[in-house]
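Everything on this sheet refers to the single structure shown next.
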Protein chains: 2
Amino acid sequence: MQRILTKDTTKYLGKKVRVCGWVNSRRDHGKVIFIDLRDRSGFLQVVFTPQDKKVYQVAQKLRPEWVIEITGEIAERPKGMENPKMETGKIEIKVKELKVDSEAKTIPFAIDTDGYEIGEEKRLKYRYLDIRRKRLQKNLRLRHQLVKFIRDFMDQKGFVDIETPLLTRSTPEGARDYVVPSRLYPGKFYALPQSPQQYKELLMVGGIERYFQLPRAMRDEDPRAERQPEHTQWDFEMSFVEQDEIMDVLEEGIVKLTKHLEPLTGKKLLAKPLPRLTYSETMKNYGTDKPDIRPEPKDPNILAFAWIIDFPLFEWSKEEKRWDPVHHMFVLPKKGQEKLLDTDPGKVISTQFDLVCNGYEICSGSLRIHKRDLQEKVMQMIGLDLKKAREQFGHLLQALEFGAPPHGGAAPGIDRLAMLYAGEPNIREVIAFPKTGDARDPMMNTPSEISKEQLKELHLNIEKEKKKK
Amino acid sequence: MQRILTKDTTKYLGKKVRVCGWVNSRRDHGKVIFIDLRDRSGFLQVVFTPQDKKVYQVAQKLRPEWVIEITGEIAERPKGMENPKMETGKIEIKVKELKVDSEAKTIPFAIDTDGYEIGEEKRLKYRYLDIRRKRLQKNLRLRHQLVKFIRDFMDQKGFVDIETPLLTRSTPEGARDYVVPSRLYPGKFYALPQSPQQYKELLMVGGIERYFQLPRAMRDEDPRAERQPEHTQWDFEMSFVEQDEIMDVLEEGIVKLTKHLEPLTGKKLLAKPLPRLTYSETMKNYGTDKPDIRPEPKDPNILAFAWIIDFPLFEWSKEEKRWDPVHHMFVLPKKGQEKLLDTDPGKVISTQFDLVCNGYEICSGSLRIHKRDLQEKVMQMIGLDLKKAREQFGHLLQALEFGAPPHGGAAPGIDRLAMLYAGEPNIREVIAFPKTGDARDPMMNTPSEISKEQLKELHLNIEKEKKKK
């Protein structure tokens with residue numbers, strides 16, 4: 001018999017149906033056993049009476065989180081027994097057949113709470129149980145809606161979804177790379193991408209004109225509470241556009257996404273069109289470049305998206321005694337600013353635009369440099385050795401000489417967006433299998449040691465003396 | 001002025017428009033210069049006459065692959081000058097303004113051919129130029145349509161798109177893992193996933209019931225012509241289903257996908273519903289378990305998808321003198337076959353089903369074991385040490401004790417599917433930035449050496465003596 005979802009059982013009054021799921025709770029009223037059966041769609045009250053001895057005997061053994069399959073008749077609950085809080089609160093199923101798919105040991109924590117009260121280590125160790133709770137089910141399904149909407153929107157706007165490699169090249173700029181030793185080329189390594197920045201620019205040189213992808217980006221950072229080694233981006237790049245056109249695409253996406261998710265989230269935009277603040281006024285008024293522009297008291301159902309523009313291209317690093325890029329070294333200066341590069345680099349305004357929301361940075365975007373001479377000049381200004389830069393970024397510099405179109409893009413963080421729409425305090429709550437703040441997975445118990453054979457094949461030795469750091 | 005695509009210029013006869021793109025070719029007829037301008041949508045004939053001296057002087061310098069922006073009037077071509085092969089063959093643009101965005105050096109190979117004639121090393125080194133060719137543009141856009149359709153279909157069927165980690169744990173089964181040294185935990189490693197198999201099973205334990213994802217899977221294999229270290233999968237898993245229900249979902253997807261792509265590919269199914277062949281009859285009739293069931297002569301526009309079912313659970317390894325799983329160790333035996341595990345393991349028929357097409361394996365799928373005792377029994381039968389297995393797969397074995405639903409799934413290869421629909425001989429033709437058969441990227445020049453500082457931070461030494469293998 002075809003299984004139906006519990007939420008659909010209301011349509012089958014008086015009919016025989018088959019439902020499957022977990023024993024959410026059990027109550028015995030005299031001889032009658034009541035089970036709340038849970039499936040992905042909701043709950044259904046299951047009634048076992050002693051009449052059918054065979055079924056009843058099995059029912060007596062049922063405990064929370066057992067997995068069962070039930071065939072029975074959908075009936076109205078007796079008057080006064082309705083539960084208006086339940087979608088199926090007016091009905092119940094009278095069991096004809098019961099099959100136990102799996103028994104369950106007592107689970108290590110409650111899953112009928114929101115779970116914030118449970119220690120992270122424990123939640124992550126038993127993440128497969130933790131995600132049974134309503135809040136996480138809701139968060140993961142909301143995240144699905146979010147990425148689905150973004151992909152549909154980008155498709156509609158003519159962007160092509162293109163995958164870029166995960167095994168790429170280590171480059172010295174940015175954060176620390178995760179690296180992958182090559183077995184075939186002893187002593188050589190791949191690097192996991194911190195972002196597909198170079199690939200998407202190369203796709204623009206390749207004539208794709210409108211690229212998007214929801215790729216994973218990985219950074220080997222030091223431990224901190226909100227650290228996650230893996231992030232997902234709403235990555236896109238466009239050719240033949242001005243800065244405003246990139247911002248317009250993203251703004252349209254955010255406005256429509258917020259509207260689309262509102263029935264699930266109850267969250268609205270503070271203002272539309274999104275406010276545009278300059279970097280200097282933002283620093284003056286808020287003392288930060290990721291301001292929370294909601295008025296006091298902060299309303300958690302308001303999403304105060306805003307743009308920050310007119311960033312400086314460089315900031316002076318006192319320690320390194322050099323100019324560092326405010327965003328990254330591929331950012332194009334604003335039109336007419338190039339001359340300042342020689343005379344007053346700190347004054348150069350760039351085409352960078354940041355999207356912020358409720359005090360979080362959602363993304364930095366910009367137009368990119370599409371000429372080799374300017375790119376090399378910026379590389380030198382930020383202290384890269386030109387010879388080395390040509391070795392490490394040779395492919396990109398060369399690509400700029402074969403007909404590179406003007407282009408730009410951005411890469412909003414999907415985890416952060418999902419967190420804000422879900423109203424969660426932390427991105428771990430919208431990631432199915434997150435790691436701890438110090439980059440461990442207590443469930444899989446990783447990172448872990450690998451075998452001597454694996455190390456030998458990779459031509460690697462572990463420095464023993466430093467092992468116990 | 002807003003830029004329009006060349007394919008839309010036919011709607012602007014007599015009007016002034018702005019177009020952008022690459023100089024595809026240049027012909028001088030007397031004093032008149034003709035350019036074919038190429039953008040992502042097609043081509044447009046551009047006419048420069050000596051009347052406007054300033055524009056004409058710049059036009060004289062134009063060379064293939066320069067990037068230009070043109071403002072001008074769309075006009076009918078003179079009688080007899082139409083090109084019926086071009087979508088915009090009846091019109092041309094008379095230039096008022098010309099802007100050169102980028103000049104271009106002579107490119108290292110032709111891009112107006114299909115490119116098969118060019119050596120792979122060269123094509124991959126300049127991949128950003130290689131993808132300018134029509135064939136690759138078409139392939140990448142077809143792949144976008146393919147993944148878009150699959151995601152829409154899975155969403156419609158109630159599957160939730162959930163991302164699983166890339167930094168996971170190395171396990172001894174299957175192919176070789178790519179590993180990632182941990183800086184924070186000296187001597188320990190993450191592994192890149194060969195598939196999200198364990199995670200998707202844990203999601204089923206977590207009550208998701210219908211999961212899908214188009215994840216990357218990575219295997220460190222030995223060099224061979226068609227090797228790619230990274231693959232993309234159409235990965236899905238379902239709870240409370242029989243083998244047929246999984247096959248039905250996938251079959252519906254394949255049938256609809258083929259129909260959806262037909263206007264782009266011209267390819268049709270050989271038979272519908274897809275033929276179901278048993279493993280034993282397939283081996284007998286074709287001598288392989290991935291048969292090409294098209295009749296002779298093979299029609300390249302026919303996609304002969306078919307199912308292979310009733311695989312044995314184990315095959316005897318003569319070298320290792322033990323039973324190896326035919327698919328993997330999580331596959332559930334067919335109902336009623338469990339007893340044979342003790343008496344005649346080679347006779348056990350499994351719930352594995354393979355999807356094949358034109359001689360290629362598209363995927364293996366199956367129901368999975370959802371009870372710990374059976375899982376441990378199979379682990380021991382394939383020669384795993386139970387103590388070690390409990391250490392390495394402890395999370396999964398434990399999860400099966402907390403109420404695991406019956407479940408199963410599959411993971412068709414996206415690269416292979418895209419290759420078949422595109423009519424390409426090799427998956428490299430449908431991957432934007434593939435690696436060579438020996439796992440190099442000649443464009444990025446990776447794998448490459450990393451700095452001494454990086455090695456030191458990772459507490460790794462490279463075994464010098466073996467470096468020159």
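Convention: chains lettered A, B, ... in structure tokens order; per-chain residue numbering from 1; ligands numbered from 1 as shown.
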Test item: residues at most 7 Å from range 96-113 of chain B, only C-alpha atoms, excluding those fewer than 2 positions along its chain, as a PyMOL selection string: (chain A and resi 401-406) or (chain B and resi 55+65-72+94+115+130+132-133)
Kindly export the residues of the current selection with C-alpha atoms, as a compact mmCIF listing (two decimals), in the first residue's frame.
# COMPACT_ATOMS: atom_id res chain seq x y z
CA GLU A 401 46.11 40.25 -22.61
CA PHE A 402 43.84 38.09 -24.76
CA GLY A 403 40.75 40.31 -24.79
CA ALA A 404 39.33 40.60 -21.28
CA PRO A 405 35.95 42.30 -21.01
CA PRO A 406 35.20 44.81 -18.25
CA VAL B 55 35.87 56.19 -35.44
CA GLU B 65 39.46 39.02 -30.04
CA TRP B 66 39.67 42.71 -29.17
CA VAL B 67 36.84 43.66 -26.83
CA ILE B 68 34.77 46.58 -28.06
CA GLU B 69 31.63 48.53 -27.32
CA ILE B 70 29.65 49.99 -30.18
CA THR B 71 26.82 52.46 -30.39
CA GLY B 72 25.15 52.77 -33.74
CA LYS B 94 26.35 51.38 -38.70
CA GLY B 115 38.78 22.29 -31.15
CA ASP B 130 39.19 27.41 -25.37
CA ARG B 132 35.16 30.92 -26.16
CA ARG B 133 34.54 28.36 -28.89
Atom-to-atom span, CA of Glu457 in chain A and CA of Lys188 in chain B, Å: 15.9 Å
Point-to-point distance in Å for CA of Ile349 in chain A and CA of Thr278 in chain A: 10.7 Å
Report as a short mmCIF file (atom, residue, chain, number, x, y, z; two decimals) with N, CA and C atoms, in the first residue's frame: the residues of range 321-381 of chain B with a DSSP assignment of strand (DSSP E or B), based on the backbone of this structure.
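out_34.cif written:
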data_model
loop_
_atom_site.label_atom_id
_atom_site.label_comp_id
_atom_site.auth_asym_id
_atom_site.auth_seq_id
_atom_site.Cartn_x
_atom_site.Cartn_y
_atom_site.Cartn_z
N ARG B 322 38.67 -13.20 -0.01
CA ARG B 322 37.54 -12.77 0.82
C ARG B 322 36.43 -12.28 -0.11
N TRP B 323 35.27 -12.07 0.50
CA TRP B 323 34.15 -11.50 -0.25
C TRP B 323 34.28 -9.98 -0.31
N ASP B 324 34.19 -9.44 -1.50
CA ASP B 324 34.14 -7.98 -1.65
C ASP B 324 32.72 -7.58 -2.01
N PRO B 325 32.27 -6.41 -1.52
CA PRO B 325 30.94 -5.97 -1.94
C PRO B 325 30.96 -5.60 -3.42
N VAL B 331 24.93 -1.82 1.19
CA VAL B 331 23.82 -2.31 0.37
C VAL B 331 23.03 -3.41 1.10
N PRO B 333 20.70 -6.68 1.36
CA PRO B 333 20.31 -7.85 0.55
C PRO B 333 18.82 -7.78 0.24
N ILE B 349 21.44 -12.26 -3.44
CA ILE B 349 21.06 -11.21 -4.40
C ILE B 349 20.80 -9.92 -3.61
N SER B 350 21.26 -8.79 -4.14
CA SER B 350 21.14 -7.54 -3.40
C SER B 350 20.06 -6.65 -4.00
N PHE B 353 20.71 -1.57 -7.92
CA PHE B 353 20.24 -1.38 -9.30
C PHE B 353 21.20 -0.41 -9.97
N ASP B 354 21.62 -0.75 -11.17
CA ASP B 354 22.49 0.14 -11.93
C ASP B 354 21.71 0.77 -13.07
N LEU B 355 22.01 2.04 -13.33
CA LEU B 355 21.47 2.68 -14.52
C LEU B 355 22.62 2.77 -15.52
N VAL B 356 22.39 2.25 -16.72
CA VAL B 356 23.43 2.31 -17.75
C VAL B 356 22.88 3.05 -18.97
N CYS B 357 23.78 3.54 -19.81
CA CYS B 357 23.36 4.22 -21.04
C CYS B 357 24.46 4.12 -22.08
N TYR B 360 27.80 3.03 -20.90
CA TYR B 360 28.39 3.68 -19.72
C TYR B 360 27.55 3.39 -18.48
N GLU B 361 28.21 3.27 -17.35
CA GLU B 361 27.47 3.17 -16.10
C GLU B 361 27.15 4.58 -15.64
N ILE B 362 25.88 4.85 -15.39
CA ILE B 362 25.46 6.18 -14.93
C ILE B 362 25.43 6.23 -13.41
N CYS B 363 24.94 5.16 -12.80
CA CYS B 363 25.00 5.07 -11.34
C CYS B 363 24.71 3.67 -10.85
N SER B 364 25.10 3.44 -9.61
CA SER B 364 24.61 2.31 -8.84
C SER B 364 23.78 2.88 -7.71
N GLY B 365 22.66 2.26 -7.46
CA GLY B 365 21.85 2.65 -6.31
C GLY B 365 21.43 1.39 -5.58
N SER B 366 20.81 1.57 -4.42
CA SER B 366 20.35 0.40 -3.66
C SER B 366 19.53 0.83 -2.46
N LEU B 367 18.87 -0.12 -1.86
CA LEU B 367 18.42 0.06 -0.48
C LEU B 367 19.65 -0.13 0.40
N ARG B 368 19.63 0.48 1.60
CA ARG B 368 20.78 0.35 2.50
C ARG B 368 20.39 -0.47 3.72
#
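We find CA of Val160 in chain A and CA of Tyr211 in chain A to be spaced 4.8 Å apart.
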Who sits within 10 Å of Lys267 in chain A, only C-alpha atoms, same chain under 4 positions skipped, as a PyMOL selection string: chain A and resi 258-259+261-263+299-303+420-423
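Residues surrounding Leu341 in chain A within 9 Å are A:Lys347, A:Val348, A:Lys377, A:Val378, A:Met381 [only C-alpha atoms; sequence separation below 6 positions excluded].
Using only C-alpha atoms, the shortest contact distance between Ile35 in chain B and any of B:Asp441, B:Glu92, B:Asp114, B:Asp248 is found at B:Glu92.
For the set B:Val95, B:Ala217, B:Ala411, B:Ile309, the residue with the smallest atom-to-atom gap to Asp52 in chain B is B:Val95, counting only C-alpha atoms.
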Contacts of Thr171 in chain B at 12 Å (only C-alpha atoms; same-chain gap of 4+ positions) as JSON, numbers by chain: {"A": [444, 445, 446, 447, 448, 449, 450, 451, 454], "B": [175, 176, 177, 178, 179, 189, 190, 191, 192, 193, 194, 195, 197, 198, 384, 388, 389, 390, 391, 392, 393, 394]}
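Here the DSSP assignment of helix (DSSP H, G or I), based on backbone atoms, applies within range 272-364 of chain A to A:Tyr279, A:Ser280, A:Glu281, A:Thr282, A:Met283, A:Lys284, A:Asn285, A:Tyr286, A:Leu340, A:Leu341, A:Asp342, A:Thr343, A:Pro345, A:Gly346, A:Lys347.
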Deliver the residues from the most recent selection as a file, using N, CA, C and O atoms, as a PDB file, in the first residue's frame.
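Listing of part26.pdb after writing:
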ATOM      1  N   TYR A 279      31.211  54.839   2.608  1.00  0.00           N
ATOM      2  CA  TYR A 279      32.098  54.301   3.635  1.00  0.00           C
ATOM      3  C   TYR A 279      32.434  55.358   4.683  1.00  0.00           C
ATOM      4  O   TYR A 279      32.369  55.094   5.885  1.00  0.00           O
ATOM      5  N   SER A 280      32.745  56.577   4.216  1.00  0.00           N
ATOM      6  CA  SER A 280      33.207  57.581   5.182  1.00  0.00           C
ATOM      7  C   SER A 280      32.076  58.037   6.102  1.00  0.00           C
ATOM      8  O   SER A 280      32.266  58.173   7.311  1.00  0.00           O
ATOM      9  N   GLU A 281      30.852  58.211   5.569  1.00  0.00           N
ATOM     10  CA  GLU A 281      29.756  58.614   6.474  1.00  0.00           C
ATOM     11  C   GLU A 281      29.399  57.476   7.422  1.00  0.00           C
ATOM     12  O   GLU A 281      29.043  57.699   8.589  1.00  0.00           O
ATOM     13  N   THR A 282      29.528  56.226   6.925  1.00  0.00           N
ATOM     14  CA  THR A 282      29.207  55.079   7.786  1.00  0.00           C
ATOM     15  C   THR A 282      30.190  54.979   8.950  1.00  0.00           C
ATOM     16  O   THR A 282      29.798  54.764  10.101  1.00  0.00           O
ATOM     17  N   MET A 283      31.464  55.167   8.634  1.00  0.00           N
ATOM     18  CA  MET A 283      32.474  55.103   9.691  1.00  0.00           C
ATOM     19  C   MET A 283      32.233  56.225  10.705  1.00  0.00           C
ATOM     20  O   MET A 283      32.392  56.031  11.914  1.00  0.00           O
ATOM     21  N   LYS A 284      31.855  57.412  10.172  1.00  0.00           N
ATOM     22  CA  LYS A 284      31.635  58.555  11.056  1.00  0.00           C
ATOM     23  C   LYS A 284      30.406  58.337  11.943  1.00  0.00           C
ATOM     24  O   LYS A 284      30.443  58.568  13.146  1.00  0.00           O
ATOM     25  N   ASN A 285      29.334  57.829  11.334  1.00  0.00           N
ATOM     26  CA  ASN A 285      28.069  57.725  12.077  1.00  0.00           C
ATOM     27  C   ASN A 285      27.952  56.467  12.932  1.00  0.00           C
ATOM     28  O   ASN A 285      27.259  56.463  13.937  1.00  0.00           O
ATOM     29  N   TYR A 286      28.592  55.387  12.483  1.00  0.00           N
ATOM     30  CA  TYR A 286      28.413  54.118  13.204  1.00  0.00           C
ATOM     31  C   TYR A 286      29.731  53.580  13.771  1.00  0.00           C
ATOM     32  O   TYR A 286      29.714  52.632  14.558  1.00  0.00           O
ATOM     33  N   LEU A 340      45.662  59.017  -8.887  1.00  0.00           N
ATOM     34  CA  LEU A 340      45.965  59.088  -7.457  1.00  0.00           C
ATOM     35  C   LEU A 340      46.836  57.927  -6.991  1.00  0.00           C
ATOM     36  O   LEU A 340      47.462  57.994  -5.935  1.00  0.00           O
ATOM     37  N   LEU A 341      46.835  56.833  -7.775  1.00  0.00           N
ATOM     38  CA  LEU A 341      47.660  55.683  -7.412  1.00  0.00           C
ATOM     39  C   LEU A 341      49.107  56.102  -7.197  1.00  0.00           C
ATOM     40  O   LEU A 341      49.782  55.611  -6.292  1.00  0.00           O
ATOM     41  N   ASP A 342      49.561  57.035  -8.054  1.00  0.00           N
ATOM     42  CA  ASP A 342      50.956  57.478  -7.947  1.00  0.00           C
ATOM     43  C   ASP A 342      51.137  58.564  -6.896  1.00  0.00           C
ATOM     44  O   ASP A 342      52.136  58.608  -6.194  1.00  0.00           O
ATOM     45  N   THR A 343      50.135  59.439  -6.788  1.00  0.00           N
ATOM     46  CA  THR A 343      50.327  60.617  -5.952  1.00  0.00           C
ATOM     47  C   THR A 343      49.827  60.445  -4.526  1.00  0.00           C
ATOM     48  O   THR A 343      50.452  60.911  -3.582  1.00  0.00           O
ATOM     49  N   PRO A 345      47.922  57.234  -2.827  1.00  0.00           N
ATOM     50  CA  PRO A 345      47.213  55.943  -2.888  1.00  0.00           C
ATOM     51  C   PRO A 345      46.109  55.809  -1.848  1.00  0.00           C
ATOM     52  O   PRO A 345      45.078  55.199  -2.103  1.00  0.00           O
ATOM     53  N   GLY A 346      46.309  56.395  -0.681  1.00  0.00           N
ATOM     54  CA  GLY A 346      45.308  56.268   0.380  1.00  0.00           C
ATOM     55  C   GLY A 346      44.006  56.959   0.042  1.00  0.00           C
ATOM     56  O   GLY A 346      42.972  56.691   0.652  1.00  0.00           O
ATOM     57  N   LYS A 347      44.044  57.849  -0.941  1.00  0.00           N
ATOM     58  CA  LYS A 347      42.843  58.601  -1.331  1.00  0.00           C
ATOM     59  C   LYS A 347      42.046  57.940  -2.443  1.00  0.00           C
ATOM     60  O   LYS A 347      40.957  58.404  -2.778  1.00  0.00           O
TER      61      LYS A 347
END
